[in-house]
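Below is one structure; the comments refer to it alone.
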Amino acid sequence: MQQIVLGDVSITRVAEFYGPVEMTPEVFFPETPKEAWEENTSWLAPDFLDLDSNIVQSAIQTWVLRSEGKTILVDTGVGNHKYRPYAPVWSYLDTDFLGNLARAGVRPEDVDIVVNTHLHIDHVGWNTYLDGGEWVPTFPHATYLMPERDFEFWNPENEHKPLLGRGNQNVFEDSVAPIHEAGKALLWDGSYDIDANLRLELAPGHTPGSSVLTLNSKGDRALFVGDLLHSPVQILEPDGNSCFCEDPAESRATRRRILGQSADDKALVFPAHLGGHGAAEVQRDGSKFSIKEWAPFTRL
């Protein structure tokens, strides 16, 4: 099963990629104690860690929400045919993501809203596709919701010096700017209400404009947290950032705040990149958190 219903909102999981991402836990999560991985290998492997290679396993996926008659995509993955000189694992992919989307009942022209939780390389790729040598919007009728702070931060004209260095090179030019130039981008700041069930709120730290999409419908709750979590180990060790967090202190504070909110509200947490069951309910565990229950999605 790759679809669940919360209140009046259905949630469908559509995968682009699942597998190793060429980083060990020590590289990906340099602040997380080694013991956190070693003590939990019984369930981290194989969904989140390949024991033979000691390489982190990750999913690139889109959450498809249907709410109040609209079809909404949360993050759009890596995309095809895109040159990523400083992220070769994502360079010139040729996946069947659009086919997977179609099998979930969604054609590009059906999409009403695209949510980019932030503007990293693996969250905006299918915003556009190559058509006759030009990058054009993949979802022609959609409004693309982009955090204004990330739009300004990643715009090369502003000459910011990101922690990621050149890792995001070409992303703004081929996956963000064409959307803005086509008049399809809506840049928001602070918060943005999509409808009565869905609300975007800033959750900075990983990037300046990182955001969380909150679902609240008929007593059911969920939080789509983007890259606030790359691995379930960060639930157990919430102070452990990934190596990609622009503001480490703010990222830690935001992660603790959102995990606390999810535990108190009994909200399912939907990170962008978890394999396995993809989402989980968390609970407080002293000063940290633990996994109470996995979501009922079929494991990737």
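In the structure tokens, each chain is lettered A, B, ... as it comes, each chain's residues begin at 1, and ligands are numbered from 1 in order of appearance.
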
* **Spatial neighbours of A:Thr298, max dist 12 Å, only C-alpha atoms, sep filter under 2 positions, as a list in words** =>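 The residues that qualify are Met1, Gln2, Gln3, Ile4, Thr12, Arg13, Val14, Ala15, Asp47, Gly275, Gly276, His277, Gly278, Ala279, Trp294, Ala295, Pro296 and Leu300 of chain A.
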
Please save N, CA and C atoms of the selected residues as a short mmCIF file (atom, residue, chain, number, x, y, z; two decimals), in the first residue's frame.
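part_5.cif written:
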```cif
data_model
loop_
_atom_site.label_atom_id
_atom_site.label_comp_id
_atom_site.auth_asym_id
_atom_site.auth_seq_id
_atom_site.Cartn_x
_atom_site.Cartn_y
_atom_site.Cartn_z
N MET A 1 0.85 -1.20 0.00
CA MET A 1 0.00 0.00 0.00
C MET A 1 0.88 1.24 0.00
N GLN A 2 0.65 2.12 -0.94
CA GLN A 2 1.40 3.38 -0.99
C GLN A 2 0.48 4.59 -0.88
N GLN A 3 -0.71 4.38 -0.30
CA GLN A 3 -1.62 5.50 -0.07
C GLN A 3 -2.31 5.32 1.27
N ILE A 4 -2.38 6.43 2.03
CA ILE A 4 -3.17 6.45 3.25
C ILE A 4 -4.05 7.69 3.21
N THR A 12 -0.26 9.89 -1.13
CA THR A 12 0.30 8.81 -1.95
C THR A 12 1.81 9.01 -2.06
N ARG A 13 2.52 7.93 -1.93
CA ARG A 13 3.98 7.94 -2.01
C ARG A 13 4.41 7.55 -3.42
N VAL A 14 5.21 8.42 -4.05
CA VAL A 14 5.71 8.15 -5.40
C VAL A 14 7.23 8.25 -5.38
N ALA A 15 7.89 7.16 -5.66
CA ALA A 15 9.35 7.10 -5.57
C ALA A 15 10.01 7.47 -6.89
N ASP A 47 16.86 -1.01 5.52
CA ASP A 47 16.12 0.10 4.94
C ASP A 47 16.90 1.42 4.95
N GLY A 275 13.51 5.68 3.42
CA GLY A 275 13.05 4.46 2.78
C GLY A 275 12.13 3.73 3.74
N GLY A 276 12.15 2.40 3.70
CA GLY A 276 11.29 1.64 4.60
C GLY A 276 9.85 2.05 4.48
N HIS A 277 9.21 2.30 5.62
CA HIS A 277 7.80 2.70 5.64
C HIS A 277 7.60 4.19 5.39
N GLY A 278 8.68 4.95 5.30
CA GLY A 278 8.60 6.33 4.82
C GLY A 278 8.22 7.39 5.82
N ALA A 279 7.41 7.04 6.81
CA ALA A 279 6.92 8.02 7.77
C ALA A 279 6.70 7.31 9.10
N TRP A 294 5.54 2.94 12.90
CA TRP A 294 5.75 3.30 11.50
C TRP A 294 4.43 3.49 10.80
N ALA A 295 4.42 4.31 9.77
CA ALA A 295 3.24 4.49 8.92
C ALA A 295 2.95 3.20 8.15
N PRO A 296 1.72 3.01 7.74
CA PRO A 296 1.34 1.73 7.08
C PRO A 296 1.67 1.68 5.59
N LEU A 300 9.77 0.36 0.78
CA LEU A 300 10.40 0.44 -0.53
C LEU A 300 11.39 -0.71 -0.69
#
```

* Please provide the set of residues having any atom within 6 Å of A:Gln283, restricted to only C-alpha atoms, with same-chain residues fewer than 2 positions apart removed, written as a PyMOL selection string. => chain A and resi 263+289-290+292

Per-residue nearest contacts of stretch 131-202 of chain A to stretch 95-113 of chain A (8 Å; only C-alpha atoms) as a tab-separated table:
```
residue	atom	partner	partner_atom	distance
A:Thr138	CA	A:Pro108	CA	6.4
A:Phe139	CA	A:Pro108	CA	4.7
A:Pro140	CA	A:Glu109	CA	5.9
A:His141	CA	A:Glu109	CA	6.0
A:Ala142	CA	A:Asp112	CA	4.3
A:Thr143	CA	A:Ile113	CA	4.9
A:Tyr144	CA	A:Ile113	CA	5.9
A:Leu145	CA	A:Ile113	CA	7.2
```

Take the selection from the previous step and output its residues with N, CA, C and O atoms, as an mmCIF file, in the first residue's frame.
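Saved result, out-v3.cif, follows:
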```cif
data_model
loop_
_atom_site.group_PDB
_atom_site.id
_atom_site.type_symbol
_atom_site.label_atom_id
_atom_site.label_comp_id
_atom_site.auth_asym_id
_atom_site.auth_seq_id
_atom_site.Cartn_x
_atom_site.Cartn_y
_atom_site.Cartn_z
ATOM 1 N N THR A 138 7.339 21.271 -15.762
ATOM 2 C CA THR A 138 6.813 19.917 -15.954
ATOM 3 C C THR A 138 5.312 19.880 -15.734
ATOM 4 O O THR A 138 4.604 19.110 -16.394
ATOM 5 N N PHE A 139 4.839 20.691 -14.816
ATOM 6 C CA PHE A 139 3.426 20.685 -14.424
ATOM 7 C C PHE A 139 2.817 22.003 -14.884
ATOM 8 O O PHE A 139 2.846 23.011 -14.159
ATOM 9 N N PRO A 140 2.281 22.034 -16.092
ATOM 10 C CA PRO A 140 1.981 23.307 -16.760
ATOM 11 C C PRO A 140 0.888 24.136 -16.102
ATOM 12 O O PRO A 140 0.849 25.354 -16.294
ATOM 13 N N HIS A 141 -0.004 23.505 -15.351
ATOM 14 C CA HIS A 141 -1.114 24.248 -14.750
ATOM 15 C C HIS A 141 -0.886 24.535 -13.268
ATOM 16 O O HIS A 141 -1.770 25.088 -12.599
ATOM 17 N N ALA A 142 0.270 24.168 -12.750
ATOM 18 C CA ALA A 142 0.501 24.258 -11.309
ATOM 19 C C ALA A 142 1.071 25.610 -10.896
ATOM 20 O O ALA A 142 1.807 26.257 -11.644
ATOM 21 N N THR A 143 0.737 25.993 -9.670
ATOM 22 C CA THR A 143 1.440 27.062 -8.970
ATOM 23 C C THR A 143 2.523 26.415 -8.120
ATOM 24 O O THR A 143 2.255 25.466 -7.379
ATOM 25 N N TYR A 144 3.744 26.906 -8.249
ATOM 26 C CA TYR A 144 4.873 26.353 -7.508
ATOM 27 C C TYR A 144 5.132 27.232 -6.281
ATOM 28 O O TYR A 144 5.479 28.410 -6.428
ATOM 29 N N LEU A 145 4.951 26.676 -5.092
ATOM 30 C CA LEU A 145 5.167 27.418 -3.855
ATOM 31 C C LEU A 145 6.614 27.240 -3.418
ATOM 32 O O LEU A 145 7.047 26.133 -3.082
#
```

* **Those in stretch 7-111 of chain A with helix (DSSP H, G or I) from DSSP, as a PyMOL selection string** => chain A and resi 25-28+34-38+41-44+88-90+97-103+108-110

Output file for the residues above (N, CA, C and O atoms, as a compact mmCIF listing (two decimals), in the first residue's frame):
```txt
# COMPACT_ATOMS: atom_id res chain seq x y z
N PRO A 25 27.62 6.83 7.43
CA PRO A 25 26.98 7.60 8.50
C PRO A 25 27.89 8.69 9.06
O PRO A 25 27.42 9.79 9.38
N GLU A 26 29.19 8.39 9.16
CA GLU A 26 30.13 9.35 9.74
C GLU A 26 30.25 10.60 8.87
O GLU A 26 30.43 11.71 9.38
N VAL A 27 30.15 10.43 7.56
CA VAL A 27 30.24 11.57 6.64
C VAL A 27 28.91 12.32 6.58
O VAL A 27 28.86 13.55 6.64
N PHE A 28 27.83 11.57 6.46
CA PHE A 28 26.50 12.17 6.30
C PHE A 28 26.06 12.88 7.59
O PHE A 28 25.49 13.96 7.55
N LYS A 34 28.61 7.48 16.97
CA LYS A 34 28.70 6.21 16.24
C LYS A 34 27.84 5.13 16.89
O LYS A 34 27.26 4.28 16.23
N GLU A 35 27.73 5.21 18.22
CA GLU A 35 26.97 4.21 18.96
C GLU A 35 25.49 4.22 18.58
O GLU A 35 24.81 3.19 18.68
N ALA A 36 24.98 5.38 18.17
CA ALA A 36 23.57 5.47 17.79
C ALA A 36 23.27 4.57 16.59
O ALA A 36 22.17 4.02 16.48
N TRP A 37 24.23 4.45 15.70
CA TRP A 37 24.07 3.55 14.56
C TRP A 37 24.30 2.10 14.97
O TRP A 37 23.51 1.21 14.63
N GLU A 38 25.36 1.87 15.74
CA GLU A 38 25.72 0.50 16.12
C GLU A 38 24.65 -0.15 16.99
O GLU A 38 24.36 -1.35 16.83
N THR A 41 21.33 -1.19 14.66
CA THR A 41 21.45 -1.83 13.35
C THR A 41 20.38 -2.89 13.11
O THR A 41 20.04 -3.18 11.96
N SER A 42 19.80 -3.43 14.18
CA SER A 42 18.79 -4.49 14.01
C SER A 42 17.60 -4.00 13.21
O SER A 42 16.93 -4.80 12.52
N TRP A 43 17.31 -2.69 13.27
CA TRP A 43 16.18 -2.18 12.48
C TRP A 43 16.60 -1.12 11.46
O TRP A 43 15.86 -0.84 10.51
N LEU A 44 17.77 -0.53 11.62
CA LEU A 44 18.25 0.41 10.60
C LEU A 44 18.59 -0.30 9.30
O LEU A 44 18.41 0.25 8.20
N PRO A 88 27.74 14.04 -8.53
CA PRO A 88 27.64 13.11 -9.64
C PRO A 88 26.60 12.01 -9.45
O PRO A 88 26.08 11.48 -10.44
N VAL A 89 26.26 11.69 -8.20
CA VAL A 89 25.25 10.67 -7.98
C VAL A 89 23.90 11.09 -8.55
O VAL A 89 23.06 10.25 -8.87
N TRP A 90 23.69 12.41 -8.73
CA TRP A 90 22.42 12.92 -9.25
C TRP A 90 22.55 13.48 -10.67
O TRP A 90 21.61 14.08 -11.18
N PHE A 97 10.23 8.44 -13.21
CA PHE A 97 9.42 9.11 -12.19
C PHE A 97 8.04 9.49 -12.72
O PHE A 97 7.03 9.27 -12.05
N LEU A 98 7.99 10.06 -13.92
CA LEU A 98 6.67 10.46 -14.46
C LEU A 98 5.78 9.25 -14.69
O LEU A 98 4.56 9.32 -14.54
N GLY A 99 6.40 8.11 -15.04
CA GLY A 99 5.63 6.88 -15.16
C GLY A 99 5.10 6.43 -13.81
O GLY A 99 3.94 6.00 -13.70
N ASN A 100 5.93 6.55 -12.78
CA ASN A 100 5.48 6.21 -11.43
C ASN A 100 4.35 7.14 -10.98
O ASN A 100 3.39 6.71 -10.34
N LEU A 101 4.47 8.40 -11.36
CA LEU A 101 3.41 9.36 -11.03
C LEU A 101 2.12 9.00 -11.75
O LEU A 101 1.03 9.03 -11.16
N ALA A 102 2.24 8.61 -13.01
CA ALA A 102 1.05 8.22 -13.78
C ALA A 102 0.39 6.98 -13.18
O ALA A 102 -0.84 6.87 -13.13
N ARG A 103 1.21 6.04 -12.71
CA ARG A 103 0.65 4.83 -12.09
C ARG A 103 -0.05 5.16 -10.78
O ARG A 103 -0.88 4.37 -10.30
N PRO A 108 0.99 15.07 -15.49
CA PRO A 108 1.53 16.40 -15.22
C PRO A 108 0.48 17.51 -15.26
O PRO A 108 0.52 18.43 -14.43
N GLU A 109 -0.44 17.42 -16.19
CA GLU A 109 -1.45 18.47 -16.32
C GLU A 109 -2.49 18.44 -15.21
O GLU A 109 -3.30 19.37 -15.07
N ASP A 110 -2.50 17.37 -14.40
CA ASP A 110 -3.45 17.26 -13.29
C ASP A 110 -3.00 18.01 -12.05
O ASP A 110 -3.80 18.24 -11.13
```

* Give me every strand (DSSP E or B) residue in stretch 98-266 of chain A, going by DSSP on the backbone, as a PyMOL selection string. => chain A and resi 113-115+128-131+134-137+143-147+185-188+191-193+198-202+211-217+220-226
